[in-house]
Amino acid sequence: MSLPARLPRRTRRVLHAIATVVVPEAAQLAEPEWDELEGIVAGALAGRPPQLRRQFTMLLQLLEWLPVLRYGRRLSTLDRTRRARVLDLIQTGPLLLLRRGLWGVRTLVLMGYYGRRAAAAAIGYRADPRGWESRR
Amino acid sequence: MSQLRRSDIVIVGSGAGGGTVAQELAPLVRDGVTVLVLERGPRLTDEEFTGHELEMAEALYQDGGGFLTSEGTMTLAFAAAYGGSTVVYTGTSLTAPERVIRQWDVPGLTHADLARRSAKYAEQDNVHLLEPSEINDNNRLFLEGGRQAGYRVEQFPVNVKGCRGSSLCNLGCPNQAKQGTNRVQLPRAERAGVEVVTRAEVRSIAADRTLHVRVAERPTGAKGAPSEWAPGDYTVQARIVVVAGGAIGTPALLLRSQVPVSRSLGQGFTCHPALILVAEHPHAITNDVGHPKSYYVDRAEAEGFVLETCMYFPFVTAKSLMGFGESHSAIMRAFPRLQMILNLACDHAVPGNRITIDREGRPVVHYRFTPPTIAGLVNGTRAAARIFFAAGARRVHAPADPPLIEAADAARIEERISARHFLPGTVSVSAAHLMGGCRMGHGAADSVTDAWGRVHAVPWLRVADASLFPDALQINPYLTIMALADRVAERIRQDAPDLLSSRPDPIRA
């Protein structure tokens, strides 16, 4: 699959901050693996309506700045424990709009991480078109 | 500049409905009747079915399988390809329950008739039960756990031929074993002279029986052959139009069109909202090899749910789990030890759950979860947890707080899993059984078509897909869609002499 252009820089920073909370192993990814993850996310967004892409960018900025109310700092500058706390509060909070938005970002992060063949292999996923024959 | 084409019969869509109608009308070609199938998706070669998750999802599914409802709380999975969603289902082939057809209460539609036609397609598609030697651990554990937990577990008949057990059905069979319309009905129709044009999206249908069609270019690097027609806009003049674009595509197309259709168009959408549930066993099991869907438990009538065996891919599994962070990763790392069950709620047509279109004419699906639907999801999740534990799982992952339920807590399932945990925007609900929107019924006041898919007061316009369902089917729908499409084709053959001799209105510039 050809990889599209990378995400804008400020989007990358927030996505990085969220991704390493959603999938802790993502913090261990080398630069080329990050590029692959981001390419998958960017590719998925590229095929969606412009309105949805705008919503995604706005939501990431909202998530970036919301922690200022509680910690006086942006999400991407918080340590992982505090980032996790913020995301958990949103996920279990009363505002459907935010819950839904985080659910969408989380889905994209999981797509970017587990959509990589290396990640699939690392968790032991072995499906093969040859089916039973591949296990003999 | 729009190019002009003519065809006596135009079929929109090539899935279980459109593919079946194409095959059944193909004999008319011998009599000089022209039949054209317009399919929005691409035609893939056998070699292009690689089984790679994101690659195939992007190639075959609308929005890569992530089409969102307007409320943003559920994703809908449906394909756009030569063969429609029959390319990506698991081939499970059940006949409609008698009680459901009775409740539909459609004048002229009987269960006996649907059962007879379903049997015809079951035979045509090589539907049979898999041998015990072909059943993997994921399915066997469901059978054993289900029986031990006191449920009646039944085996799915499936429509495969030469299945190698790749487990990749939902990404399009890489071994061409699944007998969808792309393997059976469409090739037969084409051999008989039916023309199939892919990458051809019908934008609207006019009252003078012309279709406005846009043929897309093959995007650079994309899978599938270029369209059989040159890219561009076309005006296709027809005498009979059969719309079989699925429960989202068909209502959306008719809403964009200038034909007088009942005000109930788009209403009554149902979809069997589903949760993928996961449990961890102490040792590795065969799960990502072998046919993924061999057994089910039908509790639709009594408790509003159906459980089915299933096996999904890394990303789909990851997004289906609750939460994030270390506990989520721990479950993912246990992939070779995971057992999976699909929990489908049997929803009902209610006011408000419907298809509309936006300003660009794109479909918009409005869906809110009713209390009975949530109850079905809760009941099904509890039942799945019982089956998992009875099968020997050491922990179950489900909508609960926290989402991991240890075996020591197996006796507290009712307490741990309750409706308050099914919070929209937190639980990943998806649906692939999309139904309704052009319901069959008595007349234009309550429905879009009659029992033969004839749009009320528009004799040349027919519907032949799951949008005809007046309410949820409560089982996997494809065989019933084929049976209904068979009826639609039969009535077209009867009406053809009249409809084909009547002259459509001249095309207006």
# chains A, B, ... in the order shown; residues from 1 in each chain; ligands from 1

call {"tool": "interface_residues", "arguments": {"of": "chain B", "to": "chain A", "cutoff": "8 Å", "atoms": "only C-alpha atoms", "output": "ChimeraX atom specification"}}
result
/B:50-51,53-55,63-64,72-73,164-168,174-175,221,288-290,313-315,318-319,324-326,328-329,332-336,424-426

call {"tool": "select_by_dssp", "arguments": {"residues": "chain A", "states": "alpha helix (DSSP H)", "output": "JSON, numbers by chain"}}
result
{"A": [9, 10, 11, 12, 13, 14, 15, 16, 17, 18, 19, 20, 21, 22, 31, 32, 33, 34, 35, 36, 37, 38, 39, 40, 41, 42, 43, 44, 45, 46, 50, 51, 52, 53, 54, 55, 56, 57, 58, 59, 60, 61, 62, 63, 64, 65, 68, 69, 70, 71, 80, 81, 82, 83, 84, 85, 86, 87, 88, 89, 90, 91, 96, 97, 98, 99, 100, 101, 102, 103, 104, 105, 106, 107, 108, 109, 110, 111, 112, 113, 114, 117, 118, 119, 120, 121, 122]}

call {"tool": "residues_around", "arguments": {"residues": "Leu59 (chain A)", "least_positions_apart": "2", "cutoff": "9 Å", "atoms": "only C-alpha atoms", "output": "PyMOL selection string"}}
result
chain A and resi 54-57+61-64+98+101-102+105

call {"tool": "atom_distance", "arguments": {"atom1": "CA of Asn476 (chain B)", "atom2": "CA of Thr110 (chain B)"}}
result
18.6 Å

call {"tool": "residues_around", "arguments": {"residues": "region 135-151 of chain B", "least_positions_apart": "3", "cutoff": "9 Å", "atoms": "only C-alpha atoms", "output": "count of residues only"}}
result
37

call {"tool": "closest_residue", "arguments": {"among": "B:Pro351, B:Pro363, B:Gly245, B:Gly17", "to": "Leu38 (chain B)", "atoms": "only C-alpha atoms"}}
result
B:Gly245

call {"tool": "select_by_dssp", "arguments": {"residues": "region 110-292 of chain B", "states": "strand (DSSP E or B)", "output": "PyMOL selection string"}}
result
chain B and resi 128+153-155+158+160+178+195-197+200-205+210-215+232-243+267+270+274-280

call {"tool": "write_last_selection", "arguments": {"atoms": "N, CA and C atoms", "output": "short mmCIF file (atom, residue, chain, number, x, y, z; two decimals), in the first residue's frame"}}
result
data_model
loop_
_atom_site.label_atom_id
_atom_site.label_comp_id
_atom_site.auth_asym_id
_atom_site.auth_seq_id
_atom_site.Cartn_x
_atom_site.Cartn_y
_atom_site.Cartn_z
N HIS B 128 -23.64 -26.19 2.52
CA HIS B 128 -23.55 -27.46 3.25
C HIS B 128 -22.93 -27.21 4.62
N VAL B 153 -26.98 -24.97 20.57
CA VAL B 153 -25.99 -24.50 19.59
C VAL B 153 -26.27 -25.18 18.26
N GLU B 154 -26.38 -24.37 17.20
CA GLU B 154 -26.66 -24.93 15.87
C GLU B 154 -25.50 -24.63 14.93
N GLN B 155 -25.37 -25.47 13.92
CA GLN B 155 -24.28 -25.28 12.96
C GLN B 155 -24.77 -24.49 11.75
N VAL B 158 -22.83 -23.31 5.20
CA VAL B 158 -22.03 -22.28 4.52
C VAL B 158 -21.89 -22.61 3.03
N VAL B 160 -19.46 -22.66 0.70
CA VAL B 160 -18.07 -22.69 0.21
C VAL B 160 -17.83 -23.94 -0.64
N LYS B 178 -15.61 -19.11 -1.56
CA LYS B 178 -16.94 -18.66 -1.17
C LYS B 178 -17.79 -18.41 -2.42
N GLU B 195 -24.50 -7.58 -19.74
CA GLU B 195 -23.32 -6.71 -19.67
C GLU B 195 -23.17 -6.18 -18.24
N VAL B 196 -21.99 -6.31 -17.68
CA VAL B 196 -21.72 -5.79 -16.33
C VAL B 196 -20.67 -4.69 -16.45
N VAL B 197 -21.00 -3.53 -15.93
CA VAL B 197 -20.07 -2.40 -15.96
C VAL B 197 -19.74 -2.01 -14.53
N ALA B 200 -19.25 2.08 -11.95
CA ALA B 200 -20.33 2.87 -12.54
C ALA B 200 -21.35 3.23 -11.46
N GLU B 201 -21.32 4.47 -11.03
CA GLU B 201 -22.24 4.91 -9.98
C GLU B 201 -23.46 5.58 -10.60
N VAL B 202 -24.64 5.08 -10.23
CA VAL B 202 -25.86 5.70 -10.71
C VAL B 202 -26.19 6.87 -9.79
N ARG B 203 -26.18 8.07 -10.35
CA ARG B 203 -26.42 9.27 -9.53
C ARG B 203 -27.90 9.51 -9.31
N SER B 204 -28.71 9.25 -10.33
CA SER B 204 -30.15 9.47 -10.16
C SER B 204 -30.90 8.76 -11.29
N ILE B 205 -32.20 8.62 -11.04
CA ILE B 205 -33.09 8.02 -12.04
C ILE B 205 -34.20 9.05 -12.30
N THR B 210 -34.58 7.38 -17.49
CA THR B 210 -33.16 7.53 -17.79
C THR B 210 -32.38 7.56 -16.48
N LEU B 211 -31.21 6.97 -16.55
CA LEU B 211 -30.33 6.94 -15.38
C LEU B 211 -29.12 7.82 -15.68
N HIS B 212 -28.75 8.60 -14.70
CA HIS B 212 -27.55 9.42 -14.84
C HIS B 212 -26.42 8.70 -14.12
N VAL B 213 -25.42 8.34 -14.90
CA VAL B 213 -24.38 7.43 -14.42
C VAL B 213 -23.02 8.10 -14.55
N ARG B 214 -22.21 7.93 -13.51
CA ARG B 214 -20.85 8.44 -13.57
C ARG B 214 -19.88 7.25 -13.47
N VAL B 215 -19.08 7.09 -14.50
CA VAL B 215 -18.08 6.01 -14.49
C VAL B 215 -16.75 6.59 -14.04
N GLY B 232 -16.37 8.83 -17.30
CA GLY B 232 -17.16 9.98 -17.73
C GLY B 232 -18.61 9.84 -17.32
N ASP B 233 -19.42 10.78 -17.79
CA ASP B 233 -20.85 10.79 -17.46
C ASP B 233 -21.65 10.14 -18.59
N TYR B 234 -22.65 9.40 -18.20
CA TYR B 234 -23.49 8.70 -19.17
C TYR B 234 -24.97 8.93 -18.84
N THR B 235 -25.76 8.95 -19.87
CA THR B 235 -27.21 8.89 -19.71
C THR B 235 -27.64 7.55 -20.28
N VAL B 236 -28.22 6.73 -19.42
CA VAL B 236 -28.62 5.40 -19.86
C VAL B 236 -30.15 5.34 -19.91
N GLN B 237 -30.66 5.06 -21.09
CA GLN B 237 -32.11 4.98 -21.24
C GLN B 237 -32.55 3.53 -21.09
N ALA B 238 -33.50 3.32 -20.18
CA ALA B 238 -33.94 1.96 -19.88
C ALA B 238 -35.46 1.85 -20.02
N ARG B 239 -35.93 0.63 -20.03
CA ARG B 239 -37.38 0.42 -20.01
C ARG B 239 -37.81 -0.14 -18.66
N ILE B 240 -36.93 -0.94 -18.08
CA ILE B 240 -37.19 -1.46 -16.73
C ILE B 240 -35.93 -1.20 -15.90
N VAL B 241 -36.12 -0.70 -14.69
CA VAL B 241 -34.97 -0.43 -13.80
C VAL B 241 -35.15 -1.23 -12.52
N VAL B 242 -34.12 -1.98 -12.16
CA VAL B 242 -34.13 -2.75 -10.91
C VAL B 242 -33.05 -2.16 -10.02
N VAL B 243 -33.45 -1.65 -8.88
CA VAL B 243 -32.47 -1.05 -7.97
C VAL B 243 -32.13 -2.07 -6.89
N GLN B 267 -37.39 5.01 5.51
CA GLN B 267 -37.79 4.69 6.89
C GLN B 267 -37.58 3.20 7.18
N THR B 270 -33.00 -1.09 9.85
CA THR B 270 -32.52 -1.94 10.95
C THR B 270 -31.19 -2.55 10.54
N ALA B 274 -23.99 -5.00 16.40
CA ALA B 274 -23.20 -6.15 16.88
C ALA B 274 -21.99 -5.72 17.68
N LEU B 275 -21.65 -6.56 18.64
CA LEU B 275 -20.44 -6.38 19.44
C LEU B 275 -19.54 -7.59 19.22
N ILE B 276 -18.27 -7.33 19.05
CA ILE B 276 -17.29 -8.42 18.99
C ILE B 276 -16.78 -8.64 20.41
N LEU B 277 -17.01 -9.83 20.94
CA LEU B 277 -16.60 -10.13 22.31
C LEU B 277 -15.44 -11.11 22.29
N VAL B 278 -14.56 -10.95 23.26
CA VAL B 278 -13.29 -11.66 23.24
C VAL B 278 -13.03 -12.27 24.61
N ALA B 279 -12.46 -13.47 24.63
CA ALA B 279 -12.04 -14.09 25.89
C ALA B 279 -10.67 -14.72 25.71
N GLU B 280 -9.95 -14.76 26.81
CA GLU B 280 -8.58 -15.27 26.76
C GLU B 280 -8.52 -16.66 27.39
#

call {"tool": "closest_residue", "arguments": {"among": "A:Arg82, A:Arg53, A:Arg136, A:Arg9", "to": "Arg70 (chain A)", "atoms": "only C-alpha atoms"}}
result
A:Arg82

call {"tool": "atom_distance", "arguments": {"atom1": "CA of Val458 (chain B)", "atom2": "CA of Gly266 (chain B)"}}
result
17.0 Å

call {"tool": "atom_distance", "arguments": {"atom1": "CA of Val106 (chain B)", "atom2": "CA of Val12 (chain B)"}}
result
24.2 Å

call {"tool": "closest_residue", "arguments": {"among": "A:Ala26, A:Leu7, A:Leu60, A:Ile18", "to": "Val86 (chain A)", "atoms": "only C-alpha atoms"}}
result
A:Ile18
